[in-house]
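Colleague: Enclosed is the structure file work-v8.cif (mmCIF, C-alpha atoms).
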data_data
#
loop_
_atom_site.group_PDB
_atom_site.id
_atom_site.type_symbol
_atom_site.label_atom_id
_atom_site.label_comp_id
_atom_site.auth_asym_id
_atom_site.auth_seq_id
_atom_site.Cartn_x
_atom_site.Cartn_y
_atom_site.Cartn_z
ATOM 1 C CA MET A 1 -75.174 -70.001 107.049
ATOM 2 C CA ALA A 2 -76.285 -67.773 109.895
ATOM 3 C CA TRP A 3 -77.786 -64.384 109.145
ATOM 4 C CA LEU A 4 -74.994 -61.867 109.622
ATOM 5 C CA CYS A 5 -77.242 -58.896 110.232
ATOM 6 C CA ALA A 6 -80.853 -57.952 109.920
ATOM 7 C CA HIS A 7 -82.956 -54.985 108.887
ATOM 8 C CA PRO A 8 -86.452 -54.308 110.226
ATOM 9 C CA HIS A 9 -87.954 -54.180 106.742
ATOM 10 C CA HIS A 10 -86.352 -57.441 105.584
ATOM 11 C CA SER A 11 -87.260 -60.278 107.928
ATOM 12 C CA ARG A 12 -86.574 -63.914 107.019
ATOM 13 C CA LYS A 13 -88.237 -66.896 108.583
ATOM 14 C CA GLU A 14 -85.980 -69.644 107.352
ATOM 15 C CA HIS A 15 -82.558 -70.306 105.971
ATOM 16 C CA HIS A 16 -82.303 -70.286 102.186
ATOM 17 C CA ASP A 17 -79.560 -72.231 100.444
ATOM 18 C CA LEU A 18 -77.652 -69.946 98.074
ATOM 19 C CA ARG A 19 -75.460 -72.728 96.712
ATOM 20 C CA PRO A 20 -75.814 -73.420 92.993
ATOM 21 C CA ALA A 21 -77.685 -76.467 91.772
ATOM 22 C CA CYS A 22 -75.572 -79.043 89.933
ATOM 23 C CA ARG A 23 -77.285 -78.063 86.717
ATOM 24 C CA ARG A 24 -79.701 -75.201 86.185
ATOM 25 C CA ILE A 25 -82.554 -75.101 83.742
ATOM 26 C CA ARG A 26 -83.174 -71.481 82.811
ATOM 27 C CA ARG A 27 -86.666 -70.265 83.494
ATOM 28 C CA PRO A 28 -88.408 -67.901 81.103
ATOM 29 C CA ILE A 29 -87.697 -64.290 81.919
ATOM 30 C CA ILE A 30 -90.700 -62.819 83.730
ATOM 31 C CA PRO A 31 -90.720 -59.026 84.242
ATOM 32 C CA THR A 32 -91.516 -59.008 87.940
ATOM 33 C CA VAL A 33 -89.118 -56.225 88.947
ATOM 34 C CA SER A 34 -90.768 -52.811 88.910
ATOM 35 C CA LEU A 35 -89.767 -49.254 89.738
ATOM 36 C CA GLU A 36 -91.678 -49.704 92.982
ATOM 37 C CA ASP A 37 -89.181 -52.422 93.916
ATOM 38 C CA PHE A 38 -86.313 -49.993 93.372
ATOM 39 C CA ALA A 39 -88.100 -47.332 95.397
ATOM 40 C CA ARG A 40 -88.627 -49.772 98.270
ATOM 41 C CA ALA A 41 -85.010 -50.943 98.099
ATOM 42 C CA ARG A 42 -83.668 -47.373 98.379
ATOM 43 C CA ILE A 43 -80.128 -48.713 97.989
ATOM 44 C CA VAL A 44 -78.934 -51.012 95.213
ATOM 45 C CA PRO A 45 -75.506 -52.455 96.064
ATOM 46 C CA VAL A 46 -73.084 -52.370 93.147
ATOM 47 C CA VAL A 47 -70.707 -55.321 93.399
ATOM 48 C CA ARG A 48 -67.399 -54.771 91.600
ATOM 49 C CA THR A 49 -64.496 -56.908 92.806
ATOM 50 C CA PRO A 50 -61.205 -58.249 91.404
ATOM 51 C CA THR A 51 -62.300 -61.891 91.748
ATOM 52 C CA ARG A 52 -65.399 -64.019 91.463
ATOM 53 C CA ASP A 53 -64.964 -65.449 94.967
ATOM 54 C CA GLN A 54 -64.928 -61.967 96.488
ATOM 55 C CA ALA A 55 -68.091 -61.066 94.582
ATOM 56 C CA GLU A 56 -69.905 -64.170 95.802
ATOM 57 C CA THR A 57 -68.843 -63.491 99.389
ATOM 58 C CA ALA A 58 -70.072 -59.910 99.131
ATOM 59 C CA ILE A 59 -73.427 -60.978 97.711
ATOM 60 C CA ARG A 60 -73.980 -63.510 100.491
ATOM 61 C CA VAL A 61 -73.268 -60.883 103.136
ATOM 62 C CA LEU A 62 -75.431 -58.247 101.459
ATOM 63 C CA ALA A 63 -78.314 -60.684 101.037
ATOM 64 C CA ASP A 64 -78.036 -61.718 104.678
ATOM 65 C CA CYS A 65 -78.186 -58.052 105.676
ATOM 66 C CA GLY A 66 -81.462 -57.544 103.832
ATOM 67 C CA PHE A 67 -80.554 -56.149 100.428
ATOM 68 C CA ARG A 68 -82.920 -57.573 97.820
ATOM 69 C CA LEU A 69 -81.788 -55.939 94.559
ATOM 70 C CA ILE A 70 -78.094 -56.442 93.791
ATOM 71 C CA GLU A 71 -76.195 -55.217 90.743
ATOM 72 C CA MET A 72 -73.358 -57.495 89.643
ATOM 73 C CA THR A 73 -70.983 -55.619 87.361
ATOM 74 C CA LEU A 74 -69.618 -57.366 84.301
ATOM 75 C CA THR A 75 -66.167 -55.887 84.881
ATOM 76 C CA THR A 76 -65.804 -58.507 87.621
ATOM 77 C CA PRO A 77 -64.234 -61.712 86.288
ATOM 78 C CA GLN A 78 -66.936 -64.289 85.498
ATOM 79 C CA GLY A 79 -69.595 -61.776 86.443
ATOM 80 C CA GLU A 80 -72.237 -63.597 84.422
ATOM 81 C CA ASP A 81 -71.461 -66.820 86.286
ATOM 82 C CA VAL A 82 -71.961 -65.000 89.581
ATOM 83 C CA ILE A 83 -75.364 -63.813 88.368
ATOM 84 C CA ARG A 84 -76.230 -67.359 87.351
ATOM 85 C CA ARG A 85 -75.229 -68.720 90.741
ATOM 86 C CA PHE A 86 -77.585 -66.429 92.652
ATOM 87 C CA ALA A 87 -80.300 -66.000 90.020
ATOM 88 C CA ASP A 88 -82.647 -68.485 91.697
ATOM 89 C CA ALA A 89 -81.787 -67.678 95.304
ATOM 90 C CA GLU A 90 -84.919 -66.799 97.212
ATOM 91 C CA GLY A 91 -85.077 -63.222 98.421
ATOM 92 C CA VAL A 92 -82.423 -61.914 96.019
ATOM 93 C CA VAL A 93 -82.976 -60.270 92.632
ATOM 94 C CA MET A 94 -79.814 -60.128 90.554
ATOM 95 C CA GLY A 95 -79.127 -57.483 87.954
ATOM 96 C CA ALA A 96 -76.206 -56.959 85.593
ATOM 97 C CA GLY A 97 -74.196 -53.743 85.679
ATOM 98 C CA THR A 98 -71.708 -52.092 83.318
ATOM 99 C CA VAL A 99 -73.546 -53.666 80.396
ATOM 100 C CA LEU A 100 -72.124 -52.139 77.231
ATOM 101 C CA THR A 101 -73.043 -54.435 74.332
ATOM 102 C CA SER A 102 -76.032 -56.352 73.043
ATOM 103 C CA ASP A 103 -74.092 -59.599 73.487
ATOM 104 C CA GLN A 104 -73.404 -58.821 77.144
ATOM 105 C CA ALA A 105 -77.066 -57.956 77.612
ATOM 106 C CA ARG A 106 -78.238 -61.250 76.096
ATOM 107 C CA ARG A 107 -75.760 -63.328 78.085
ATOM 108 C CA SER A 108 -76.684 -61.560 81.319
ATOM 109 C CA ILE A 109 -80.385 -62.166 80.747
ATOM 110 C CA ASP A 110 -79.681 -65.808 79.923
ATOM 111 C CA ALA A 111 -77.730 -66.046 83.193
ATOM 112 C CA GLY A 112 -80.774 -64.801 85.095
ATOM 113 C CA ALA A 113 -80.323 -61.033 85.382
ATOM 114 C CA ARG A 114 -83.678 -59.419 86.083
ATOM 115 C CA PHE A 115 -82.550 -55.865 85.326
ATOM 116 C CA LEU A 116 -79.701 -54.274 83.386
ATOM 117 C CA VAL A 117 -77.663 -51.156 84.133
ATOM 118 C CA ALA A 118 -75.383 -49.380 81.650
ATOM 119 C CA PRO A 119 -73.056 -46.503 82.570
ATOM 120 C CA ALA A 120 -73.819 -44.654 79.332
ATOM 121 C CA LEU A 121 -76.390 -44.366 76.556
ATOM 122 C CA ARG A 122 -76.323 -47.797 74.899
ATOM 123 C CA PRO A 123 -79.118 -48.209 72.335
ATOM 124 C CA ALA A 124 -78.147 -51.825 71.630
ATOM 125 C CA VAL A 125 -78.518 -52.714 75.315
ATOM 126 C CA ALA A 126 -81.864 -50.954 75.386
ATOM 127 C CA ASP A 127 -83.079 -52.959 72.388
ATOM 128 C CA VAL A 128 -82.205 -56.305 73.983
ATOM 129 C CA ALA A 129 -83.749 -55.409 77.347
ATOM 130 C CA ARG A 130 -86.964 -54.180 75.746
ATOM 131 C CA ASP A 131 -87.256 -57.375 73.700
ATOM 132 C CA ALA A 132 -86.760 -59.458 76.863
ATOM 133 C CA GLY A 133 -89.278 -57.369 78.790
ATOM 134 C CA ILE A 134 -86.971 -56.504 81.692
ATOM 135 C CA PRO A 135 -86.259 -53.044 83.150
ATOM 136 C CA PHE A 136 -83.038 -51.283 82.319
ATOM 137 C CA PHE A 137 -81.215 -48.142 83.405
ATOM 138 C CA LEU A 138 -79.033 -46.171 81.006
ATOM 139 C CA GLY A 139 -76.299 -43.852 82.221
ATOM 140 C CA ALA A 140 -76.445 -40.090 81.782
ATOM 141 C CA ALA A 141 -74.447 -37.065 82.865
ATOM 142 C CA THR A 142 -76.398 -34.197 81.263
ATOM 143 C CA PRO A 143 -80.047 -33.173 80.957
ATOM 144 C CA SER A 144 -79.970 -34.052 77.252
ATOM 145 C CA GLU A 145 -78.661 -37.539 78.004
ATOM 146 C CA VAL A 146 -81.323 -38.054 80.683
ATOM 147 C CA LEU A 147 -84.042 -37.293 78.152
ATOM 148 C CA ALA A 148 -82.387 -39.477 75.502
ATOM 149 C CA ALA A 149 -82.254 -42.426 77.921
ATOM 150 C CA HIS A 150 -85.916 -41.944 78.767
ATOM 151 C CA GLU A 151 -86.865 -41.822 75.092
ATOM 152 C CA MET A 152 -85.020 -45.121 74.534
ATOM 153 C CA GLY A 153 -87.463 -46.717 76.955
ATOM 154 C CA ALA A 154 -85.286 -46.886 80.055
ATOM 155 C CA ALA A 155 -87.216 -47.624 83.232
ATOM 156 C CA GLY A 156 -84.877 -45.204 84.940
ATOM 157 C CA VAL A 157 -81.683 -43.253 84.382
ATOM 158 C CA LYS A 158 -78.395 -43.848 86.160
ATOM 159 C CA ILE A 159 -76.840 -40.477 87.002
ATOM 160 C CA PHE A 160 -73.113 -41.162 86.899
ATOM 161 C CA PRO A 161 -70.760 -40.117 88.361
ATOM 162 C CA ALA A 162 -73.206 -38.454 90.722
ATOM 163 C CA ALA A 163 -70.807 -36.871 93.221
ATOM 164 C CA GLN A 164 -68.569 -35.378 90.544
ATOM 165 C CA LEU A 165 -71.579 -34.038 88.630
ATOM 166 C CA GLY A 166 -72.748 -31.938 91.551
ATOM 167 C CA GLY A 167 -74.282 -34.297 94.092
ATOM 168 C CA PRO A 168 -77.819 -33.936 95.456
ATOM 169 C CA GLY A 169 -78.072 -30.375 94.142
ATOM 170 C CA PHE A 170 -77.554 -31.533 90.566
ATOM 171 C CA LEU A 171 -80.093 -34.301 91.027
ATOM 172 C CA LYS A 172 -82.662 -31.887 92.433
ATOM 173 C CA ALA A 173 -82.174 -29.629 89.413
ATOM 174 C CA LEU A 174 -82.748 -32.562 87.051
ATOM 175 C CA ARG A 175 -85.900 -33.534 88.918
ATOM 176 C CA SER A 176 -87.259 -30.012 88.545
ATOM 177 C CA VAL A 177 -87.354 -30.401 84.753
ATOM 178 C CA TYR A 178 -87.916 -34.169 84.604
ATOM 179 C CA PRO A 179 -90.305 -34.910 87.484
ATOM 180 C CA ASP A 180 -91.590 -38.091 85.852
ATOM 181 C CA ILE A 181 -88.213 -39.710 85.086
ATOM 182 C CA ALA A 182 -86.804 -42.089 87.708
ATOM 183 C CA LEU A 183 -83.219 -41.217 88.593
ATOM 184 C CA MET A 184 -80.673 -43.513 90.274
ATOM 185 C CA PRO A 185 -77.510 -41.609 91.235
ATOM 186 C CA THR A 186 -74.374 -43.716 91.461
ATOM 187 C CA GLY A 187 -70.773 -42.807 92.150
ATOM 188 C CA GLY A 188 -69.581 -41.359 95.430
ATOM 189 C CA ILE A 189 -72.684 -42.467 97.342
ATOM 190 C CA THR A 190 -72.062 -43.127 101.043
ATOM 191 C CA ALA A 191 -74.090 -43.798 104.154
ATOM 192 C CA ASP A 192 -73.557 -40.140 105.034
ATOM 193 C CA ASN A 193 -75.052 -38.694 101.847
ATOM 194 C CA ALA A 194 -77.490 -41.364 100.603
ATOM 195 C CA ARG A 195 -80.435 -39.766 102.395
ATOM 196 C CA SER A 196 -79.651 -36.399 100.770
ATOM 197 C CA TYR A 197 -79.951 -37.948 97.311
ATOM 198 C CA LEU A 198 -83.255 -39.586 98.203
ATOM 199 C CA ASP A 199 -84.551 -36.313 99.602
ATOM 200 C CA ALA A 200 -83.491 -34.628 96.346
ATOM 201 C CA GLY A 201 -85.754 -36.987 94.416
ATOM 202 C CA ALA A 202 -83.759 -40.125 93.627
ATOM 203 C CA ILE A 203 -85.858 -43.269 93.306
ATOM 204 C CA CYS A 204 -82.913 -45.123 94.845
ATOM 205 C CA VAL A 205 -79.134 -44.887 94.942
ATOM 206 C CA GLY A 206 -76.431 -47.204 93.689
ATOM 207 C CA MET A 207 -73.720 -47.773 96.301
ATOM 208 C CA GLY A 208 -70.480 -49.481 95.409
ATOM 209 C CA GLY A 209 -67.060 -49.085 96.990
ATOM 210 C CA LYS A 210 -68.313 -47.591 100.253
ATOM 211 C CA LEU A 211 -70.502 -50.642 100.759
ATOM 212 C CA VAL A 212 -68.409 -53.409 99.177
ATOM 213 C CA ASP A 213 -64.905 -52.698 100.468
ATOM 214 C CA VAL A 214 -62.472 -54.683 98.335
ATOM 215 C CA ALA A 215 -59.640 -54.319 100.855
ATOM 216 C CA ALA A 216 -61.865 -55.826 103.544
ATOM 217 C CA LEU A 217 -62.819 -58.698 101.257
ATOM 218 C CA GLU A 218 -59.179 -59.358 100.406
ATOM 219 C CA ALA A 219 -58.424 -59.525 104.133
ATOM 220 C CA GLY A 220 -61.371 -61.843 104.764
ATOM 221 C CA ASN A 221 -62.954 -59.182 106.965
ATOM 222 C CA THR A 222 -66.654 -59.686 106.254
ATOM 223 C CA ASP A 223 -67.482 -57.905 109.514
ATOM 224 C CA ALA A 224 -66.512 -54.648 107.806
ATOM 225 C CA ILE A 225 -69.026 -55.341 105.030
ATOM 226 C CA VAL A 226 -71.698 -56.123 107.623
ATOM 227 C CA GLN A 227 -70.986 -52.873 109.456
ATOM 228 C CA ALA A 228 -71.120 -50.843 106.251
ATOM 229 C CA ALA A 229 -74.382 -52.532 105.288
ATOM 230 C CA ARG A 230 -75.944 -51.789 108.663
ATOM 231 C CA GLN A 231 -74.893 -48.152 108.490
ATOM 232 C CA ALA A 232 -76.249 -47.752 104.970
ATOM 233 C CA LEU A 233 -79.603 -49.331 105.764
ATOM 234 C CA ALA A 234 -79.957 -47.293 108.937
ATOM 235 C CA ALA A 235 -79.186 -44.090 107.043
ATOM 236 C CA VAL A 236 -82.151 -44.524 104.663
ATOM 237 C CA SER A 237 -84.645 -46.182 106.989
#
For the file at hand, write its structure as structure tokens.
Modeller:
Amino acid sequence: MAWLCAHPHHSRKEHHDLRPACRRIRRPIIPTVSLEDFARARIVPVVRTPTRDQAETAIRVLADCGFRLIEMTLTTPQGEDVIRRFADAEGVVMGAGTVLTSDQARRSIDAGARFLVAPALRPAVADVARDAGIPFFLGAATPSEVLAAHEMGAAGVKIFPAAQLGGPGFLKALRSVYPDIALMPTGGITADNARSYLDAGAICVGMGGKLVDVAALEAGNTDAIVQAARQALAAVS
């Protein structure tokens, strides 16, 4: 598979096969993903599609374009299987998104997820992630929820839905009272406003529909995904 696009900070010297092995043997979970990795990534693509095939296509394109951390939402059919397929792909770190229950958290970790993201305060998810020793983000929409997520041991807090909550201005206000809590705004993030969120203090941003266009995937138009990826990476470089 040829590289579809490149980014100056993500060079690759050889082709890596992203096809699944006939049978995987799960490796022990090793907590190698840190907040520094999220800060370097700047953008974490959020993959949410109607079908598994569309999700796998999107992940291949995003990986080719230089995205290292990718969040695979469990609302996508067979989302855990998608995580498992790419869990051992070199250069890609898969995380699970929209994790709501302890069972989902355990299954995602077993599939190879290296970080978990919940859209709300989910103590049960936090407990499983802490026991496994992997970073997790809990969702929050108020200052009280941000602090609660932090006190549950979250590596960072997902501010959702960021645009509807007040955008970069709201994030900057949160940072003024919580300067030591990592914030990842998600929801309404685009190539046009991603830099504003980073400048307001976000450790990184989660970008979904504006990066992974379902209509383009349904039409087989991967060029549109490539273009969106290039624009997003250029906007935060």
Colleague: Could you list, as a ChimeraX atom specification, every residue matched by the PyMOL selection byres ((chain A and resi 137-146) around 9) in this structure?
Modeller: /A:115-123,125-126,135-136,147-152,154-162,165,174,177-178,181,183-184
Colleague: Suppose we keep C-alpha atoms; can you now write the selection as a PDB file, keeping the file's coordinate frame?
Modeller:
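Printed below is out-v4.pdb as written:
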ATOM      1  CA  PHE A 115     -82.550 -55.865  85.326  1.00  0.00           C
ATOM      2  CA  LEU A 116     -79.701 -54.274  83.386  1.00  0.00           C
ATOM      3  CA  VAL A 117     -77.663 -51.156  84.133  1.00  0.00           C
ATOM      4  CA  ALA A 118     -75.383 -49.380  81.650  1.00  0.00           C
ATOM      5  CA  PRO A 119     -73.056 -46.503  82.570  1.00  0.00           C
ATOM      6  CA  ALA A 120     -73.819 -44.654  79.332  1.00  0.00           C
ATOM      7  CA  LEU A 121     -76.390 -44.366  76.556  1.00  0.00           C
ATOM      8  CA  ARG A 122     -76.323 -47.797  74.899  1.00  0.00           C
ATOM      9  CA  PRO A 123     -79.118 -48.209  72.335  1.00  0.00           C
ATOM     10  CA  VAL A 125     -78.518 -52.714  75.315  1.00  0.00           C
ATOM     11  CA  ALA A 126     -81.864 -50.954  75.386  1.00  0.00           C
ATOM     12  CA  PRO A 135     -86.259 -53.044  83.150  1.00  0.00           C
ATOM     13  CA  PHE A 136     -83.038 -51.283  82.319  1.00  0.00           C
ATOM     14  CA  LEU A 147     -84.042 -37.293  78.152  1.00  0.00           C
ATOM     15  CA  ALA A 148     -82.387 -39.477  75.502  1.00  0.00           C
ATOM     16  CA  ALA A 149     -82.254 -42.426  77.921  1.00  0.00           C
ATOM     17  CA  HIS A 150     -85.916 -41.944  78.767  1.00  0.00           C
ATOM     18  CA  GLU A 151     -86.865 -41.822  75.092  1.00  0.00           C
ATOM     19  CA  MET A 152     -85.020 -45.121  74.534  1.00  0.00           C
ATOM     20  CA  ALA A 154     -85.286 -46.886  80.055  1.00  0.00           C
ATOM     21  CA  ALA A 155     -87.216 -47.624  83.232  1.00  0.00           C
ATOM     22  CA  GLY A 156     -84.877 -45.204  84.940  1.00  0.00           C
ATOM     23  CA  VAL A 157     -81.683 -43.253  84.382  1.00  0.00           C
ATOM     24  CA  LYS A 158     -78.395 -43.848  86.160  1.00  0.00           C
ATOM     25  CA  ILE A 159     -76.840 -40.477  87.002  1.00  0.00           C
ATOM     26  CA  PHE A 160     -73.113 -41.162  86.899  1.00  0.00           C
ATOM     27  CA  PRO A 161     -70.760 -40.117  88.361  1.00  0.00           C
ATOM     28  CA  ALA A 162     -73.206 -38.454  90.722  1.00  0.00           C
ATOM     29  CA  LEU A 165     -71.579 -34.038  88.630  1.00  0.00           C
ATOM     30  CA  LEU A 174     -82.748 -32.562  87.051  1.00  0.00           C
ATOM     31  CA  VAL A 177     -87.354 -30.401  84.753  1.00  0.00           C
ATOM     32  CA  TYR A 178     -87.916 -34.169  84.604  1.00  0.00           C
ATOM     33  CA  ILE A 181     -88.213 -39.710  85.086  1.00  0.00           C
ATOM     34  CA  LEU A 183     -83.219 -41.217  88.593  1.00  0.00           C
ATOM     35  CA  MET A 184     -80.673 -43.513  90.274  1.00  0.00           C
TER      36      MET A 184
END
Colleague: What is the distance between atom CA of A:Ile83 and atom CA of A:Ala229, in Å to one decimal?
Modeller: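 Computed distance, atom CA of A:Ile83 to atom CA of A:Ala229, equals 20.4 Å.
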Colleague: Nearest to A:Asp131: which of A:Gly201, A:Gly153, A:Pro45, A:Pro168 is it, counting only C-alpha atoms?
Modeller: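 Selected residue with least distance to A:Asp131: A:Gly153.
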Colleague: When the PyMOL selection byres ((chain A and resi 51) around 10) is applied to the structure above, which residues does it catch, written out as an MDAnalysis selection string?
Modeller: chainID A and resid 48:50 52:56 75:79 214 218
Colleague: At what distance in Å, to one decimal, does atom CA of A:Ala234 lie from atom CA of A:Gly166?
Modeller: 24.3 Å
Colleague: I'd like the neighbourhood of A:Asn221 as a list in words, where a residue qualifies if any of its atoms comes within 12 Å (using all atoms listed in the file), though same-chain residues fewer than 4 positions away should be ignored.
Modeller: Gln54, Thr57, Ala58, Val61, Val212, Asp213, Val214, Ala215, Ala216, Leu217, Ile225, Val226, Gln227 and Ala228 of chain A
Colleague: Under the PyMOL selection byres ((chain A and resi 112) around 7), which residues of this model are included? Write them out as a short mmCIF file (atom, residue, chain, number, x, y, z; two decimals) with C-alpha atoms, keeping the file's coordinate frame.
Modeller:
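Contents of out04.cif, as written:
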data_model
loop_
_atom_site.label_atom_id
_atom_site.label_comp_id
_atom_site.auth_asym_id
_atom_site.auth_seq_id
_atom_site.Cartn_x
_atom_site.Cartn_y
_atom_site.Cartn_z
CA ILE A 83 -75.36 -63.81 88.37
CA ARG A 84 -76.23 -67.36 87.35
CA ALA A 87 -80.30 -66.00 90.02
CA SER A 108 -76.68 -61.56 81.32
CA ILE A 109 -80.39 -62.17 80.75
CA ASP A 110 -79.68 -65.81 79.92
CA ALA A 111 -77.73 -66.05 83.19
CA ALA A 113 -80.32 -61.03 85.38
CA ARG A 114 -83.68 -59.42 86.08
#
Colleague: Smallest atom-to-atom distance to A:Leu74: which of A:Arg107, A:Lys210, A:Arg175, A:Arg195, using all atoms listed in the file?
Modeller: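 Ranking A:Arg107, A:Lys210, A:Arg175, A:Arg195 by distance to A:Leu74, first place goes to A:Arg107.
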Colleague: Which distance in Å separates atom CA of A:Ala182 and atom CA of A:Met72, to one decimal?
Modeller: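 Going from atom CA of A:Ala182 over to atom CA of A:Met72 covers 20.5 Å.
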Colleague: Near A:Phe67, within 8 Å and counting only C-alpha atoms, which residues show up once chain neighbours fewer than 4 positions away are dropped, as an mmCIF file with C-alpha atoms, in the frame of the given file?
Modeller:
data_model
loop_
_atom_site.group_PDB
_atom_site.id
_atom_site.type_symbol
_atom_site.label_atom_id
_atom_site.label_comp_id
_atom_site.auth_asym_id
_atom_site.auth_seq_id
_atom_site.Cartn_x
_atom_site.Cartn_y
_atom_site.Cartn_z
ATOM 1 C CA HIS A 10 -86.352 -57.441 105.584
ATOM 2 C CA ALA A 41 -85.010 -50.943 98.099
ATOM 3 C CA ILE A 43 -80.128 -48.713 97.989
ATOM 4 C CA VAL A 44 -78.934 -51.012 95.213
ATOM 5 C CA PRO A 45 -75.506 -52.455 96.064
ATOM 6 C CA LEU A 62 -75.431 -58.247 101.459
ATOM 7 C CA ALA A 63 -78.314 -60.684 101.037
ATOM 8 C CA VAL A 92 -82.423 -61.914 96.019
#
Colleague: Counting all atoms listed in the file, which residues come within 10 Å of (-77.2, -36.9, 100.6), with the point read in the file's coordinates, and could you list them as a PyMOL selection string?
Modeller: chain A and resi 163+167-169+189-200+205+235-236
Colleague: Could you check which of A:Val33, A:Ala224, A:Met207, A:Leu171 is closest to A:Ile134, using only C-alpha atoms?
Modeller: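 Among the listed residues, A:Val33 lies closest to A:Ile134.
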Colleague: If you take every atom of stretch 42-48 of chain A that the file lists and fit an axis-aligned box around them with 5 Å extra on each side, what centre and edge lengths come out in Å to one decimal, as AutoDock Vina command-line options?
Modeller:
--center_x -75.5 --center_y -51.3 --center_z 95.0 --size_x 26.3 --size_y 17.9 --size_z 16.8
Colleague: Which is closer to A:Arg85 than all the others in A:Phe38, A:Gly220, A:Gly188, A:Arg60, using all atoms listed in the file?
Modeller: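 Under the stated criterion, the closest residue is A:Arg60.
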Colleague: Quick one: everything within 7 Å of A:Val46, counting all atoms listed in the file, minus sequence neighbours fewer than 3 positions away in the same chain. Send it as a ChimeraX atom specification.
Modeller: /A:70-73,206-208
Colleague: Complete stretch 106-119 of chain A with N, CA, C and O atoms (output as a compact mmCIF listing (two decimals), in the frame of the given file).
Modeller:
# COMPACT_ATOMS: atom_id res chain seq x y z
N ARG A 106 -77.60 -59.95 76.32
CA ARG A 106 -78.24 -61.25 76.10
C ARG A 106 -77.68 -62.31 77.04
O ARG A 106 -78.44 -63.09 77.62
N ARG A 107 -76.36 -62.32 77.20
CA ARG A 107 -75.76 -63.33 78.08
C ARG A 107 -76.18 -63.11 79.53
O ARG A 107 -76.41 -64.07 80.27
N SER A 108 -76.28 -61.86 79.94
CA SER A 108 -76.68 -61.56 81.32
C SER A 108 -78.12 -62.01 81.56
O SER A 108 -78.43 -62.58 82.62
N ILE A 109 -78.99 -61.75 80.61
CA ILE A 109 -80.39 -62.17 80.75
C ILE A 109 -80.48 -63.68 80.77
O ILE A 109 -81.22 -64.27 81.57
N ASP A 110 -79.69 -64.34 79.93
CA ASP A 110 -79.68 -65.81 79.92
C ASP A 110 -79.18 -66.35 81.26
O ASP A 110 -79.62 -67.42 81.71
N ALA A 111 -78.27 -65.61 81.90
CA ALA A 111 -77.73 -66.05 83.19
C ALA A 111 -78.73 -65.83 84.32
O ALA A 111 -78.56 -66.37 85.41
N GLY A 112 -79.76 -65.02 84.06
CA GLY A 112 -80.77 -64.80 85.10
C GLY A 112 -80.90 -63.39 85.59
O GLY A 112 -81.62 -63.13 86.57
N ALA A 113 -80.20 -62.43 84.96
CA ALA A 113 -80.32 -61.03 85.38
C ALA A 113 -81.75 -60.56 85.17
O ALA A 113 -82.33 -60.78 84.10
N ARG A 114 -82.30 -59.88 86.16
CA ARG A 114 -83.68 -59.42 86.08
C ARG A 114 -83.77 -57.92 85.80
O ARG A 114 -84.84 -57.39 85.64
N PHE A 115 -82.62 -57.25 85.78
CA PHE A 115 -82.55 -55.86 85.33
C PHE A 115 -81.13 -55.61 84.84
O PHE A 115 -80.19 -56.31 85.21
N LEU A 116 -80.99 -54.62 83.96
CA LEU A 116 -79.70 -54.27 83.39
C LEU A 116 -79.39 -52.81 83.68
O LEU A 116 -80.29 -51.97 83.70
N VAL A 117 -78.11 -52.53 83.89
CA VAL A 117 -77.66 -51.16 84.13
C VAL A 117 -76.45 -50.88 83.25
O VAL A 117 -75.48 -51.65 83.26
N ALA A 118 -76.51 -49.81 82.47
CA ALA A 118 -75.38 -49.38 81.65
C ALA A 118 -74.88 -48.04 82.16
O ALA A 118 -75.68 -47.23 82.64
N PRO A 119 -73.59 -47.77 82.07
CA PRO A 119 -73.06 -46.50 82.57
C PRO A 119 -73.18 -45.36 81.58
O PRO A 119 -72.80 -44.23 81.87
